[in-house]
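A quick write-up on the structure given underneath.
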Amino acid sequence: MLARTLVLLVLLLVATSQLHAIEQAAIQIGSWSSEQVDITDLQVEVNLQSTGLALTATAKQLQLTAPVGLLKNVRLRCETLRWLSGQIDCQSGQLDFTHAIWGNQKIAFNIKSRAEEENYQLTLTGIQLDQGSMDVQADYQQGQWQAQVAGENVALKSLVKFIGPYVNEKQLELLSQWNINALMDIDAELTGNQTRLASANVSGKLRDVMFADPSGSYAGEALAAQIQLALQIENDRSSWQQTLTIDKGQTYFEPIFLDLAEHSVTLSSEGQFNNANKTWQINDVEFSQSTSISANAELNGKATQLTHLQMDLRSTDLAQLYKDWLQPFIPGSSLSHLQTSGELTASLQWQPEQYLFQMNLQSVTIVDDAGRFAIDNLEGELGWTNQESVIPIDLRWNSASILSLPLGGSTLQAEASQNQIQFSNLSLPILDGALSLNDFQLSLDEEQGRSWQFEGLLSPISMDQLSPLLGWPTLQGKLSGMIPKVSYADEEITVDGALLLKLFDGTTVIRDLRLQQPFGSLPQLYANIDINRLDLQTLTNTFDFGNISGKLDGRIHNLRLSNWQPVQFDALFETPEEDPGRRRISQRAVNNLSQIGGGPAAILSRGFMGLFEDFSYSKIGLSCRLMNSVCQMGGIEPAEQGYYIVKGGGLPPWINVIGYNREVDWPELIARLKAVSQSDGPVIQ
């Protein structure tokens, strides 16, 4: 539009001169109009020189058709105008004007025109865009045109204002909602037909790039980038090739934050778009972050809908992949704070309602910062699919841990299909024993979420090795048991049936076991526990409590642990009704039980009874009902004052131990138990 307007002005000047013998002429025209231009207060001055005509024209206003619009205070100077054989050349031209958007412009130009052939050649130099400038070379011939554009230090805001009249209003409205700017050096080669763009080859460097959307979901600051773009448009079909490299600044695309100065990013793609049916195809997308993460993909779609995706990923630095691309999507979950290392490759095939994902792991180590789980040197293949086709899973690792329990190295062979993983047996070494998981099944349902289930067997584990790991006093004996069906759904682990454990030569049965949010910040455990015929000799020796012989039954019902601390239970421990064995209790055990019940300490050492090392008893028992941090305590039966914890019987000497405190703060009771466990025992005089 500007080129053709310049030509029209030059033609007007020539038409009004028609001077060959006159050396100078001045013409003033009030107004002049055509289909493409309206001019107000036009003044023309023509000077004949040896090299040709020198023309100057000024106008108060120059109204052009959209999108250029109104130019004010227009001055056009052509130092050398030549008209020969139908061709008009204007060399060393200068065009000055004021525009509402473009501001004050002083543009140097050269123009060659063969109007009859609709052939125009134009060079514009020094187009001002705030602190930047732009030069344009254009060639127009019978509707076909090509142009070269070079810009230096061009501010994006200025460029948007400059091209604003040529941009769709909806696109301009969208741009206006963003806070965005950058400085650019740009070179472009453009071709087209009339008002349609046919091709573009653009290269540019961007610096001081910043952007932010109104919601704060997308932002960038102090970015520096290089871009290459090749675009071809033919009828309704467009194709492109582009490469973008960003190596400075920081950017945030919710929820991902990247520091590009530490790890530069390169994104390239090539593809096609069919405007007639709104289908698009990206044949090759390549992404790389420094040298440690790379991905390539193929995508197909229609309008805004993705219809096919094939992607391959490789990472030689799992720590960076997790930190930048995985962790932001899982805040607050059991996987949100991990230390990771190793390498992996992965592939994904997706189309509506069908997907297949496969991964290969090499020397992968994963450690939960909260100490809930860990695995070392994990290697092998795994995958997931919602299709009927079976994906084999083959994994192996050197060691692992769950809630401070060490697990030895093992292997896993399983199958994945239809949103499920299944395997028949997995043996996890635990110290000198093992946990066998049988008939394991993991499912992911779009509505019900994640769930899993298994049955198992716990082979004997030495308690003297296990106890320190659980923060317990050193226990003797073996821990083993049958594990009924265990299932997980809705962030809750439940055990169907009874969990049977062998401990202290007795049997412990755990029923109604539930664990809510097992890997959350506040896990909740519920259970009912029944204890049958524990050997008190083994139990008391283990805890250095003082010696007690005989058997013990007990129950801990309505048990609730919050973050692994007791907040509620109803507990009772007592001698079984039928226990024909020997029942003896040492001085130290008597004193410790007395302290727990609120009686005086080391009372036996001050009298005649201090001469005996142990005593006979007929029954022993203690109860505690915990609620609201208060323990309602009791014993075998009521006493005159208090309650019996130990009732004497059998061959003398025998003794009674009476508890006096009915209500004890739970922290105080714990302190008593700690004092008992740390005492050196009574002194016998």
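Residue numbers start at 1 in each chain; chains themselves are named A, B, ... in the order of the structure tokens; ligands are numbered from 1 in the order shown.
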Long-range neighbours of Ile256 (chain A) as a PDB file with all heavy atoms, in the first residue's frame, 10 Å cut-off, only C-alpha atoms, 4 positions minimum in chain:
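Output file around.pdb follows:
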ATOM      1  N   SER A 217      -0.236 -17.441  35.242  1.00  0.00           N
ATOM      2  CA  SER A 217       0.069 -18.840  34.938  1.00  0.00           C
ATOM      3  C   SER A 217       1.280 -18.980  34.026  1.00  0.00           C
ATOM      4  O   SER A 217       1.902 -20.047  33.995  1.00  0.00           O
ATOM      5  CB  SER A 217      -1.145 -19.506  34.283  1.00  0.00           C
ATOM      6  OG  SER A 217      -2.260 -19.484  35.149  1.00  0.00           O
ATOM      7  N   TYR A 218       1.594 -17.928  33.289  1.00  0.00           N
ATOM      8  CA  TYR A 218       2.714 -17.959  32.362  1.00  0.00           C
ATOM      9  C   TYR A 218       3.531 -16.686  32.545  1.00  0.00           C
ATOM     10  O   TYR A 218       2.979 -15.587  32.600  1.00  0.00           O
ATOM     11  CB  TYR A 218       2.231 -18.056  30.912  1.00  0.00           C
ATOM     12  CG  TYR A 218       1.249 -19.182  30.675  1.00  0.00           C
ATOM     13  CD1 TYR A 218      -0.120 -18.935  30.658  1.00  0.00           C
ATOM     14  CD2 TYR A 218       1.689 -20.481  30.493  1.00  0.00           C
ATOM     15  CE1 TYR A 218      -1.026 -19.963  30.453  1.00  0.00           C
ATOM     16  CE2 TYR A 218       0.794 -21.519  30.285  1.00  0.00           C
ATOM     17  CZ  TYR A 218      -0.562 -21.250  30.265  1.00  0.00           C
ATOM     18  OH  TYR A 218      -1.456 -22.275  30.072  1.00  0.00           O
ATOM     19  N   THR A 251      11.755 -18.838  33.174  1.00  0.00           N
ATOM     20  CA  THR A 251      10.397 -18.881  32.653  1.00  0.00           C
ATOM     21  C   THR A 251       9.545 -19.802  33.507  1.00  0.00           C
ATOM     22  O   THR A 251      10.049 -20.743  34.130  1.00  0.00           O
ATOM     23  CB  THR A 251      10.378 -19.350  31.185  1.00  0.00           C
ATOM     24  OG1 THR A 251       9.040 -19.271  30.678  1.00  0.00           O
ATOM     25  CG2 THR A 251      10.870 -20.782  31.076  1.00  0.00           C
ATOM     26  N   TYR A 252       8.239 -19.513  33.527  1.00  0.00           N
ATOM     27  CA  TYR A 252       7.291 -20.302  34.305  1.00  0.00           C
ATOM     28  C   TYR A 252       6.067 -20.570  33.453  1.00  0.00           C
ATOM     29  O   TYR A 252       5.421 -19.643  32.955  1.00  0.00           O
ATOM     30  CB  TYR A 252       6.886 -19.538  35.570  1.00  0.00           C
ATOM     31  CG  TYR A 252       5.821 -20.229  36.388  1.00  0.00           C
ATOM     32  CD1 TYR A 252       6.129 -21.339  37.169  1.00  0.00           C
ATOM     33  CD2 TYR A 252       4.502 -19.770  36.381  1.00  0.00           C
ATOM     34  CE1 TYR A 252       5.150 -21.973  37.927  1.00  0.00           C
ATOM     35  CE2 TYR A 252       3.528 -20.394  37.135  1.00  0.00           C
ATOM     36  CZ  TYR A 252       3.859 -21.495  37.905  1.00  0.00           C
ATOM     37  OH  TYR A 252       2.890 -22.121  38.653  1.00  0.00           O
ATOM     38  N   LYS A 323      13.207 -33.034  38.884  1.00  0.00           N
ATOM     39  CA  LYS A 323      13.076 -31.696  39.466  1.00  0.00           C
ATOM     40  C   LYS A 323      12.287 -30.757  38.554  1.00  0.00           C
ATOM     41  O   LYS A 323      11.389 -30.034  39.011  1.00  0.00           O
ATOM     42  CB  LYS A 323      14.455 -31.120  39.742  1.00  0.00           C
ATOM     43  CG  LYS A 323      14.434 -29.685  40.242  1.00  0.00           C
ATOM     44  CD  LYS A 323      15.843 -29.120  40.378  1.00  0.00           C
ATOM     45  CE  LYS A 323      15.817 -27.640  40.754  1.00  0.00           C
ATOM     46  NZ  LYS A 323      17.186 -27.072  40.808  1.00  0.00           N
ATOM     47  N   ASP A 324      12.605 -30.748  37.258  1.00  0.00           N
ATOM     48  CA  ASP A 324      12.013 -29.756  36.352  1.00  0.00           C
ATOM     49  C   ASP A 324      10.668 -30.189  35.782  1.00  0.00           C
ATOM     50  O   ASP A 324       9.780 -29.352  35.585  1.00  0.00           O
ATOM     51  CB  ASP A 324      12.980 -29.469  35.197  1.00  0.00           C
ATOM     52  CG  ASP A 324      14.194 -28.676  35.651  1.00  0.00           C
ATOM     53  OD1 ASP A 324      14.157 -28.123  36.758  1.00  0.00           O
ATOM     54  OD2 ASP A 324      15.193 -28.629  34.901  1.00  0.00           O
ATOM     55  N   TRP A 325      10.484 -31.502  35.516  1.00  0.00           N
ATOM     56  CA  TRP A 325       9.345 -31.920  34.709  1.00  0.00           C
ATOM     57  C   TRP A 325       8.370 -32.866  35.410  1.00  0.00           C
ATOM     58  O   TRP A 325       7.251 -33.039  34.929  1.00  0.00           O
ATOM     59  CB  TRP A 325       9.845 -32.583  33.422  1.00  0.00           C
ATOM     60  CG  TRP A 325      10.688 -31.666  32.611  1.00  0.00           C
ATOM     61  CD1 TRP A 325      12.049 -31.608  32.559  1.00  0.00           C
ATOM     62  CD2 TRP A 325      10.220 -30.620  31.753  1.00  0.00           C
ATOM     63  NE1 TRP A 325      12.469 -30.603  31.721  1.00  0.00           N
ATOM     64  CE2 TRP A 325      11.367 -29.980  31.209  1.00  0.00           C
ATOM     65  CE3 TRP A 325       8.954 -30.171  31.376  1.00  0.00           C
ATOM     66  CZ2 TRP A 325      11.271 -28.912  30.320  1.00  0.00           C
ATOM     67  CZ3 TRP A 325       8.861 -29.108  30.492  1.00  0.00           C
ATOM     68  CH2 TRP A 325      10.011 -28.496  29.969  1.00  0.00           C
ATOM     69  N   LEU A 326       8.765 -33.499  36.506  1.00  0.00           N
ATOM     70  CA  LEU A 326       7.870 -34.426  37.194  1.00  0.00           C
ATOM     71  C   LEU A 326       7.386 -33.870  38.530  1.00  0.00           C
ATOM     72  O   LEU A 326       6.189 -33.866  38.812  1.00  0.00           O
ATOM     73  CB  LEU A 326       8.575 -35.773  37.413  1.00  0.00           C
ATOM     74  CG  LEU A 326       9.049 -36.494  36.148  1.00  0.00           C
ATOM     75  CD1 LEU A 326       9.747 -37.794  36.512  1.00  0.00           C
ATOM     76  CD2 LEU A 326       7.878 -36.755  35.208  1.00  0.00           C
ATOM     77  N   GLN A 327       8.308 -33.387  39.356  1.00  0.00           N
ATOM     78  CA  GLN A 327       7.956 -32.918  40.695  1.00  0.00           C
ATOM     79  C   GLN A 327       6.883 -31.828  40.693  1.00  0.00           C
ATOM     80  O   GLN A 327       5.991 -31.838  41.547  1.00  0.00           O
ATOM     81  CB  GLN A 327       9.214 -32.442  41.418  1.00  0.00           C
ATOM     82  CG  GLN A 327       9.015 -32.108  42.880  1.00  0.00           C
ATOM     83  CD  GLN A 327      10.314 -31.663  43.538  1.00  0.00           C
ATOM     84  OE1 GLN A 327      11.155 -31.009  42.916  1.00  0.00           O
ATOM     85  NE2 GLN A 327      10.495 -32.032  44.794  1.00  0.00           N
ATOM     86  N   PRO A 328       6.910 -30.852  39.753  1.00  0.00           N
ATOM     87  CA  PRO A 328       5.884 -29.798  39.806  1.00  0.00           C
ATOM     88  C   PRO A 328       4.456 -30.305  39.665  1.00  0.00           C
ATOM     89  O   PRO A 328       3.522 -29.625  40.085  1.00  0.00           O
ATOM     90  CB  PRO A 328       6.259 -28.892  38.621  1.00  0.00           C
ATOM     91  CG  PRO A 328       7.723 -29.128  38.414  1.00  0.00           C
ATOM     92  CD  PRO A 328       7.934 -30.580  38.713  1.00  0.00           C
ATOM     93  N   PHE A 329       4.267 -31.491  39.066  1.00  0.00           N
ATOM     94  CA  PHE A 329       2.916 -31.990  38.838  1.00  0.00           C
ATOM     95  C   PHE A 329       2.376 -32.817  40.009  1.00  0.00           C
ATOM     96  O   PHE A 329       1.206 -33.212  39.989  1.00  0.00           O
ATOM     97  CB  PHE A 329       2.880 -32.849  37.566  1.00  0.00           C
ATOM     98  CG  PHE A 329       3.072 -32.058  36.312  1.00  0.00           C
ATOM     99  CD1 PHE A 329       4.331 -31.941  35.726  1.00  0.00           C
ATOM    100  CD2 PHE A 329       2.006 -31.410  35.715  1.00  0.00           C
ATOM    101  CE1 PHE A 329       4.514 -31.205  34.569  1.00  0.00           C
ATOM    102  CE2 PHE A 329       2.180 -30.675  34.554  1.00  0.00           C
ATOM    103  CZ  PHE A 329       3.430 -30.563  33.983  1.00  0.00           C
TER     104      PHE A 329
END
Closest atom pairs, region 112-229 of chain A residues within 7 Å of region 78-88 of chain A, only C-alpha atoms, as JSON lines:
{"residue": "A:Lys112", "atom": "CA", "partner": "A:Ile88", "partner_atom": "CA", "distance": 5.7}
{"residue": "A:Ser113", "atom": "CA", "partner": "A:Ile88", "partner_atom": "CA", "distance": 5.1}
{"residue": "A:Arg114", "atom": "CA", "partner": "A:Gln87", "partner_atom": "CA", "distance": 4.7}
Find the residue from A:Leu348, A:Val44, A:Ile620, A:Ala261 that sits nearest to Glu298 (chain A); use only C-alpha atoms when measuring.
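So, comparing all the options, the nearest one is A:Leu348.
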Shell around Ala138 (chain A) at 6 Å using only C-alpha atoms, local window under 3 positions removed, as a list of chain:residue names = A:Gln121, A:Leu122, A:Gln146, A:Ala147
Coordinates-based distance that separates CA of Ile529 (chain A) from CA of Val495 (chain A) (Å, one decimal):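 Taking CA of Val495 (chain A) as the start and CA of Ile529 (chain A) as the end point, the length is 12.9 Å.
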